[in-house]
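Single-structure report; data block below.
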Amino acid sequence: RIYIERFLANIHKYRGCAYQFYNFSRGNKGKRGSDINTELAISFAQSILGVEKSIQLKRDETCKTCDGTGTSENSIQSICPRCMGKGQTSQSQGKMRSAQFCNRCDGKGTLIHQPCGDCHGVGVVRKERTLRVKIPPLTDDGSLLRLANKGHTGENRGNSGNLFVKVSVEKHPVLERDGYDLKCRVPIGFATAALGGKIEVPTLTGHAKFEIPGGTQPNKTFRINNLGIKKSEDEKGDLAVTVEIRVPTKLSKKQQKLLKDYKKTEPEYEFSGKN
């Protein structure tokens, strides 16, 4: 009896190997996994400097119980009698022949008699994962990043799909990008514009001090070297700062007196007639 059981077990073993070889030789492969599409928001500074972010997603992965075969232990696979292992059936309409997906074996070419209890015969299970995604420097808003083979794992040991990450860049409250240069508009008081002085300007990593000369006119643009975007190891773009002169709407009595005294000495400005 022991010899008979070993003989039958060997028959099942070699039959399973034969079916797998048959399917491989006929070109039947697992179904390719689906792609995953997700979105990721980053800051303005991160879009320029680059950043590594974590994303959470649910994806199909190879079932560890059956190693992606879809069959339970000691189970065998048999050739689908409808498509004869091809995964497709053909139909004739006059002189035309068309191939159709075999609905008996779901295009696999084989039938599973005892499916895996964890994946129910598909070879994959749904898992929650946290992945690290590297956002390269100078990533524009709406950019689509492709991470090869990071999508859903294919059924029955099929190839994995891809992961596509659409990047949205949050607007900076002040800074704008212009190639490798940055630009911004900074408000200053009319006394600072007239007398000159140090002002604070925004940068990618914080703030910097900049001294403007006296007699600065409205909408004057100053270029500050090397405060822009990195071009190479030794070169950066510029920061273009345009000043907006703000006139106060409310003055204290002391401020009114000082301005009235100044007005007595203020020069007369003539209309040039030019637009």
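We name chains A, B, ... following the order of the structure tokens; residues begin at 1 in each chain, and ligands are numbered from 1 as shown.
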
Sorted by chain and rising residue number, list the residues of range 48-102 of chain A at most 12 Å from range 146-150 of chain A (counting only C-alpha atoms), each with its closest atom pair and distance in Å to one decimal, as a tab-separated table.
residue	atom	partner	partner_atom	distance
A:Leu57	CA	A:Lys150	CA	10.7
A:Lys58	CA	A:Lys150	CA	11.2
A:Arg59	CA	A:Lys150	CA	8.9
A:Asp60	CA	A:Lys150	CA	10.2
A:Glu61	CA	A:Lys150	CA	10.0

| Interatomic distance between CA of Ile212 in chain A and CA of Asp234 in chain A? |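 Interatomic distance here is 26.5 Å.
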
| Can you list every residue in range 26-213 of chain A that DSSP puts in helix (DSSP H, G or I), as a VMD selection string? | chain A and resid 44 to 49 190 to 195

Could you save those same residues with all heavy atoms as a PDB file, in the first residue's frame?
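Output saved as result31.pdb:
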ATOM      1  N   PHE A  44       6.515  74.420  -2.795  1.00  0.00           N
ATOM      2  CA  PHE A  44       7.249  75.110  -3.864  1.00  0.00           C
ATOM      3  C   PHE A  44       8.746  74.858  -3.733  1.00  0.00           C
ATOM      4  O   PHE A  44       9.427  74.548  -4.715  1.00  0.00           O
ATOM      5  CB  PHE A  44       6.941  76.608  -3.789  1.00  0.00           C
ATOM      6  CG  PHE A  44       7.666  77.438  -4.805  1.00  0.00           C
ATOM      7  CD1 PHE A  44       7.209  77.526  -6.107  1.00  0.00           C
ATOM      8  CD2 PHE A  44       8.813  78.134  -4.456  1.00  0.00           C
ATOM      9  CE1 PHE A  44       7.885  78.289  -7.051  1.00  0.00           C
ATOM     10  CE2 PHE A  44       9.492  78.904  -5.390  1.00  0.00           C
ATOM     11  CZ  PHE A  44       9.023  78.981  -6.690  1.00  0.00           C
ATOM     12  N   ALA A  45       9.262  74.946  -2.510  1.00  0.00           N
ATOM     13  CA  ALA A  45      10.696  74.730  -2.290  1.00  0.00           C
ATOM     14  C   ALA A  45      11.082  73.287  -2.595  1.00  0.00           C
ATOM     15  O   ALA A  45      12.139  73.023  -3.185  1.00  0.00           O
ATOM     16  CB  ALA A  45      11.072  75.085  -0.850  1.00  0.00           C
ATOM     17  N   GLN A  46      10.237  72.332  -2.213  1.00  0.00           N
ATOM     18  CA  GLN A  46      10.532  70.927  -2.480  1.00  0.00           C
ATOM     19  C   GLN A  46      10.552  70.628  -3.974  1.00  0.00           C
ATOM     20  O   GLN A  46      11.329  69.791  -4.433  1.00  0.00           O
ATOM     21  CB  GLN A  46       9.496  70.044  -1.783  1.00  0.00           C
ATOM     22  CG  GLN A  46       9.622  70.022  -0.270  1.00  0.00           C
ATOM     23  CD  GLN A  46       8.467  69.311   0.410  1.00  0.00           C
ATOM     24  OE1 GLN A  46       7.406  69.122  -0.185  1.00  0.00           O
ATOM     25  NE2 GLN A  46       8.649  68.933   1.659  1.00  0.00           N
ATOM     26  N   SER A  47       9.713  71.306  -4.740  1.00  0.00           N
ATOM     27  CA  SER A  47       9.693  71.081  -6.190  1.00  0.00           C
ATOM     28  C   SER A  47      10.988  71.534  -6.844  1.00  0.00           C
ATOM     29  O   SER A  47      11.387  71.008  -7.882  1.00  0.00           O
ATOM     30  CB  SER A  47       8.510  71.815  -6.821  1.00  0.00           C
ATOM     31  OG  SER A  47       8.725  73.221  -6.832  1.00  0.00           O
ATOM     32  N   ILE A  48      11.665  72.490  -6.256  1.00  0.00           N
ATOM     33  CA  ILE A  48      12.912  73.010  -6.813  1.00  0.00           C
ATOM     34  C   ILE A  48      14.127  72.259  -6.272  1.00  0.00           C
ATOM     35  O   ILE A  48      15.042  71.910  -7.023  1.00  0.00           O
ATOM     36  CB  ILE A  48      13.036  74.512  -6.514  1.00  0.00           C
ATOM     37  CG1 ILE A  48      11.936  75.281  -7.261  1.00  0.00           C
ATOM     38  CG2 ILE A  48      14.407  75.039  -6.899  1.00  0.00           C
ATOM     39  CD1 ILE A  48      11.889  76.752  -6.960  1.00  0.00           C
ATOM     40  N   LEU A  49      14.135  72.003  -4.990  1.00  0.00           N
ATOM     41  CA  LEU A  49      15.302  71.374  -4.355  1.00  0.00           C
ATOM     42  C   LEU A  49      15.261  69.857  -4.459  1.00  0.00           C
ATOM     43  O   LEU A  49      16.294  69.203  -4.353  1.00  0.00           O
ATOM     44  CB  LEU A  49      15.372  71.781  -2.881  1.00  0.00           C
ATOM     45  CG  LEU A  49      15.480  73.284  -2.598  1.00  0.00           C
ATOM     46  CD1 LEU A  49      15.434  73.537  -1.105  1.00  0.00           C
ATOM     47  CD2 LEU A  49      16.760  73.855  -3.196  1.00  0.00           C
ATOM     48  N   PHE A 190       7.340 104.340   2.175  1.00  0.00           N
ATOM     49  CA  PHE A 190       7.882 105.411   1.321  1.00  0.00           C
ATOM     50  C   PHE A 190       9.094 106.071   1.942  1.00  0.00           C
ATOM     51  O   PHE A 190       9.964 106.585   1.242  1.00  0.00           O
ATOM     52  CB  PHE A 190       6.797 106.454   1.005  1.00  0.00           C
ATOM     53  CG  PHE A 190       6.364 107.259   2.180  1.00  0.00           C
ATOM     54  CD1 PHE A 190       6.948 108.481   2.461  1.00  0.00           C
ATOM     55  CD2 PHE A 190       5.363 106.811   3.013  1.00  0.00           C
ATOM     56  CE1 PHE A 190       6.549 109.239   3.539  1.00  0.00           C
ATOM     57  CE2 PHE A 190       4.956 107.567   4.096  1.00  0.00           C
ATOM     58  CZ  PHE A 190       5.543 108.778   4.373  1.00  0.00           C
ATOM     59  N   ALA A 191       9.221 106.040   3.268  1.00  0.00           N
ATOM     60  CA  ALA A 191      10.409 106.606   3.921  1.00  0.00           C
ATOM     61  C   ALA A 191      11.634 105.747   3.612  1.00  0.00           C
ATOM     62  O   ALA A 191      12.725 106.277   3.350  1.00  0.00           O
ATOM     63  CB  ALA A 191      10.175 106.685   5.421  1.00  0.00           C
ATOM     64  N   THR A 192      11.458 104.412   3.647  1.00  0.00           N
ATOM     65  CA  THR A 192      12.564 103.519   3.308  1.00  0.00           C
ATOM     66  C   THR A 192      12.972 103.704   1.856  1.00  0.00           C
ATOM     67  O   THR A 192      14.164 103.687   1.524  1.00  0.00           O
ATOM     68  CB  THR A 192      12.169 102.053   3.557  1.00  0.00           C
ATOM     69  OG1 THR A 192      11.777 101.894   4.917  1.00  0.00           O
ATOM     70  CG2 THR A 192      13.324 101.113   3.252  1.00  0.00           C
ATOM     71  N   ALA A 193      11.992 103.893   0.971  1.00  0.00           N
ATOM     72  CA  ALA A 193      12.293 104.108  -0.439  1.00  0.00           C
ATOM     73  C   ALA A 193      13.080 105.401  -0.631  1.00  0.00           C
ATOM     74  O   ALA A 193      13.997 105.476  -1.456  1.00  0.00           O
ATOM     75  CB  ALA A 193      11.007 104.137  -1.251  1.00  0.00           C
ATOM     76  N   ALA A 194      12.720 106.422   0.131  1.00  0.00           N
ATOM     77  CA  ALA A 194      13.388 107.711  -0.019  1.00  0.00           C
ATOM     78  C   ALA A 194      14.772 107.723   0.619  1.00  0.00           C
ATOM     79  O   ALA A 194      15.729 108.242   0.046  1.00  0.00           O
ATOM     80  CB  ALA A 194      12.526 108.809   0.594  1.00  0.00           C
ATOM     81  N   LEU A 195      14.893 107.139   1.797  1.00  0.00           N
ATOM     82  CA  LEU A 195      16.145 107.202   2.545  1.00  0.00           C
ATOM     83  C   LEU A 195      17.050 106.004   2.297  1.00  0.00           C
ATOM     84  O   LEU A 195      18.263 106.081   2.533  1.00  0.00           O
ATOM     85  CB  LEU A 195      15.846 107.302   4.051  1.00  0.00           C
ATOM     86  CG  LEU A 195      15.030 108.507   4.489  1.00  0.00           C
ATOM     87  CD1 LEU A 195      14.700 108.416   5.961  1.00  0.00           C
ATOM     88  CD2 LEU A 195      15.777 109.806   4.181  1.00  0.00           C
TER      89      LEU A 195
END

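Ranking A:Ile42, A:Cys102, A:Val165, A:Val174 by their shortest atom-to-atom distance to Gln56 in chain A, with only C-alpha atoms included, puts A:Val165 first.
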
| task | List the neighbours of Lys220 in chain A out to 12 Å using only C-alpha atoms; skip same-chain residues closer than 4 positions along the sequence, and give me the result as a VMD selection string. | result | chain A and resid 184 to 188 193 212 to 216 240 to 245

| task | Name the residues in contact with range 115-126 of chain A at a cut-off of 8 Å, using only C-alpha atoms, excluding same-chain residues fewer than 4 positions from it; report them as a list in words. | result | Lys58, Arg59, Asp60, Glu61, Thr62, Cys63, Thr65, Cys66, Asp67, Gly68, Thr69, Gly70, Thr71, Ser72, Glu73, Ser75, Thr153, Gly154, Glu155, Asn156 and Arg157 of chain A

Could you save the residues just selected, with C-alpha atoms, as a PDB file, in the first residue's frame?
ATOM      1  CA  LYS A  58      -3.118  49.315  -1.410  1.00  0.00           C
ATOM      2  CA  ARG A  59      -1.814  46.948  -4.053  1.00  0.00           C
ATOM      3  CA  ASP A  60      -1.951  43.292  -5.061  1.00  0.00           C
ATOM      4  CA  GLU A  61       1.135  41.299  -4.119  1.00  0.00           C
ATOM      5  CA  THR A  62       2.232  37.705  -4.625  1.00  0.00           C
ATOM      6  CA  CYS A  63       0.469  35.321  -2.283  1.00  0.00           C
ATOM      7  CA  THR A  65       0.979  30.816   0.858  1.00  0.00           C
ATOM      8  CA  CYS A  66       1.021  29.427  -2.689  1.00  0.00           C
ATOM      9  CA  ASP A  67       3.956  31.478  -4.032  1.00  0.00           C
ATOM     10  CA  GLY A  68       1.685  32.985  -6.659  1.00  0.00           C
ATOM     11  CA  THR A  69       0.586  29.688  -8.248  1.00  0.00           C
ATOM     12  CA  GLY A  70      -2.999  29.985  -7.010  1.00  0.00           C
ATOM     13  CA  THR A  71      -3.126  26.315  -6.013  1.00  0.00           C
ATOM     14  CA  SER A  72      -3.312  24.777  -2.563  1.00  0.00           C
ATOM     15  CA  GLU A  73      -0.684  22.349  -1.325  1.00  0.00           C
ATOM     16  CA  SER A  75      -3.156  20.237  -5.659  1.00  0.00           C
ATOM     17  CA  THR A 153       1.454  42.225  -9.033  1.00  0.00           C
ATOM     18  CA  GLY A 154       0.044  40.181 -11.889  1.00  0.00           C
ATOM     19  CA  GLU A 155      -2.149  37.174 -11.286  1.00  0.00           C
ATOM     20  CA  ASN A 156      -0.536  33.727 -11.531  1.00  0.00           C
ATOM     21  CA  ARG A 157       3.026  35.105 -11.477  1.00  0.00           C
TER      22      ARG A 157
END

| said: Residues near range 53-55 of chain A, anyone? I mean within 12 Å using only C-alpha atoms, not counting same-chain ones fewer than 5 positions away, as a list in words. | reply: Asn37, Thr38, Glu39, Leu40, Ala41, Ile42, Ser43, Gln46, Ser47, Glu128, Arg129, Thr130, Leu131, Arg132, Val133, Lys134, Ile135, Pro136, Leu163, Phe164, Val165, Lys166 and Val167 of chain A

Only N, CA, C and O atoms, please: the residues just picked out, written as a compact mmCIF listing (two decimals), in the first residue's frame.
# COMPACT_ATOMS: atom_id res chain seq x y z
N ASN A 37 -2.45 54.57 -10.08
CA ASN A 37 -2.32 56.02 -10.24
C ASN A 37 -2.63 56.70 -8.91
O ASN A 37 -3.65 56.42 -8.27
N THR A 38 -1.73 57.58 -8.50
CA THR A 38 -1.93 58.29 -7.25
C THR A 38 -1.42 59.72 -7.40
O THR A 38 -0.77 60.06 -8.41
N GLU A 39 -1.70 60.56 -6.43
CA GLU A 39 -1.28 61.96 -6.47
C GLU A 39 -0.48 62.29 -5.21
O GLU A 39 -0.67 61.69 -4.16
N LEU A 40 0.42 63.26 -5.36
CA LEU A 40 1.28 63.67 -4.25
C LEU A 40 1.49 65.17 -4.31
O LEU A 40 1.86 65.71 -5.36
N ALA A 41 1.24 65.84 -3.19
CA ALA A 41 1.41 67.29 -3.11
C ALA A 41 2.74 67.62 -2.44
O ALA A 41 3.09 67.01 -1.42
N ILE A 42 3.48 68.56 -3.02
CA ILE A 42 4.75 69.01 -2.44
C ILE A 42 4.77 70.53 -2.41
O ILE A 42 4.00 71.20 -3.12
N SER A 43 5.66 71.08 -1.61
CA SER A 43 5.77 72.53 -1.50
C SER A 43 6.56 73.10 -2.68
O SER A 43 7.21 72.37 -3.44
N GLN A 46 10.24 72.33 -2.21
CA GLN A 46 10.53 70.93 -2.48
C GLN A 46 10.55 70.63 -3.97
O GLN A 46 11.33 69.79 -4.43
N SER A 47 9.71 71.31 -4.74
CA SER A 47 9.69 71.08 -6.19
C SER A 47 10.99 71.53 -6.84
O SER A 47 11.39 71.01 -7.88
N GLU A 128 -1.56 46.60 2.22
CA GLU A 128 -1.31 48.03 2.41
C GLU A 128 0.20 48.25 2.54
O GLU A 128 0.85 47.58 3.33
N ARG A 129 0.71 49.17 1.74
CA ARG A 129 2.15 49.42 1.73
C ARG A 129 2.44 50.92 1.83
O ARG A 129 1.65 51.76 1.40
N THR A 130 3.61 51.22 2.40
CA THR A 130 4.14 52.58 2.43
C THR A 130 5.41 52.59 1.59
O THR A 130 6.37 51.87 1.89
N LEU A 131 5.42 53.39 0.53
CA LEU A 131 6.56 53.46 -0.38
C LEU A 131 7.21 54.82 -0.30
O LEU A 131 6.55 55.84 -0.07
N ARG A 132 8.52 54.87 -0.50
CA ARG A 132 9.27 56.11 -0.56
C ARG A 132 9.44 56.51 -2.02
O ARG A 132 9.88 55.72 -2.85
N VAL A 133 9.07 57.74 -2.32
CA VAL A 133 9.14 58.24 -3.69
C VAL A 133 10.10 59.42 -3.73
O VAL A 133 9.96 60.38 -2.96
N LYS A 134 11.09 59.35 -4.62
CA LYS A 134 12.05 60.44 -4.78
C LYS A 134 11.55 61.42 -5.84
O LYS A 134 11.35 61.05 -6.99
N ILE A 135 11.35 62.65 -5.42
CA ILE A 135 10.95 63.72 -6.33
C ILE A 135 12.21 64.45 -6.77
O ILE A 135 12.91 65.04 -5.95
N PRO A 136 12.55 64.42 -8.05
CA PRO A 136 13.80 65.07 -8.50
C PRO A 136 13.68 66.59 -8.45
O PRO A 136 12.58 67.14 -8.45
N LEU A 163 3.63 52.12 -11.20
CA LEU A 163 3.04 53.11 -10.31
C LEU A 163 3.27 54.49 -10.91
O LEU A 163 4.40 54.87 -11.18
N PHE A 164 2.18 55.23 -11.14
CA PHE A 164 2.28 56.59 -11.69
C PHE A 164 1.87 57.58 -10.60
O PHE A 164 0.79 57.47 -10.00
N VAL A 165 2.76 58.54 -10.34
CA VAL A 165 2.54 59.54 -9.30
C VAL A 165 2.43 60.91 -9.96
O VAL A 165 3.40 61.40 -10.56
N LYS A 166 1.25 61.52 -9.86
CA LYS A 166 1.05 62.87 -10.39
C LYS A 166 1.38 63.88 -9.29
O LYS A 166 0.81 63.83 -8.20
N VAL A 167 2.30 64.78 -9.58
CA VAL A 167 2.80 65.72 -8.57
C VAL A 167 2.09 67.06 -8.72
O VAL A 167 2.02 67.62 -9.83

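Between CA of Thr221 in chain A and CA of Thr139 in chain A there is a distance of 26.8 Å.
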
| note | If you count only C-alpha atoms, the residue of A:Pro218, A:Pro202, A:Gly33, A:Pro81 closest to Pro173 in chain A turns out to be A:Pro202

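Neighbours of Gly107 in chain A closer than or equal to 8 Å, with only C-alpha atoms counted and sequence neighbours fewer than 2 positions away skipped, come out as Lys86, Gly87, Gln88, Phe101, Cys102, Asn103, Arg104, Cys105 and Gly109 of chain A.
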
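In this structure, CA of Lys264 in chain A sits 17.9 Å away from CA of Leu251 in chain A.
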
| query | Can you tell me, as a ChimeraX atom specification, what residues are no more than 12 Å from Asp178 in chain A when counting only C-alpha atoms, ignoring any on the same chain fewer than 6 positions away? | reply | /A:48,138,140,184,228-229,237-240

Using C-alpha atoms, can you export the residues from the last selection as a PDB file, in the first residue's frame?
ATOM      1  CA  ILE A  48      12.912  73.010  -6.813  1.00  0.00           C
ATOM      2  CA  LEU A 138      12.975  71.154 -10.752  1.00  0.00           C
ATOM      3  CA  ASP A 140       6.926  71.113 -12.429  1.00  0.00           C
ATOM      4  CA  CYS A 184       9.065  88.233  -5.922  1.00  0.00           C
ATOM      5  CA  GLY A 228      18.070  81.644  -7.257  1.00  0.00           C
ATOM      6  CA  ILE A 229      17.991  78.002  -8.358  1.00  0.00           C
ATOM      7  CA  GLY A 237      20.386  81.771 -10.677  1.00  0.00           C
ATOM      8  CA  ASP A 238      19.384  85.184  -9.299  1.00  0.00           C
ATOM      9  CA  LEU A 239      16.574  86.486  -7.135  1.00  0.00           C
ATOM     10  CA  ALA A 240      14.710  89.372  -8.766  1.00  0.00           C
TER      11      ALA A 240
END
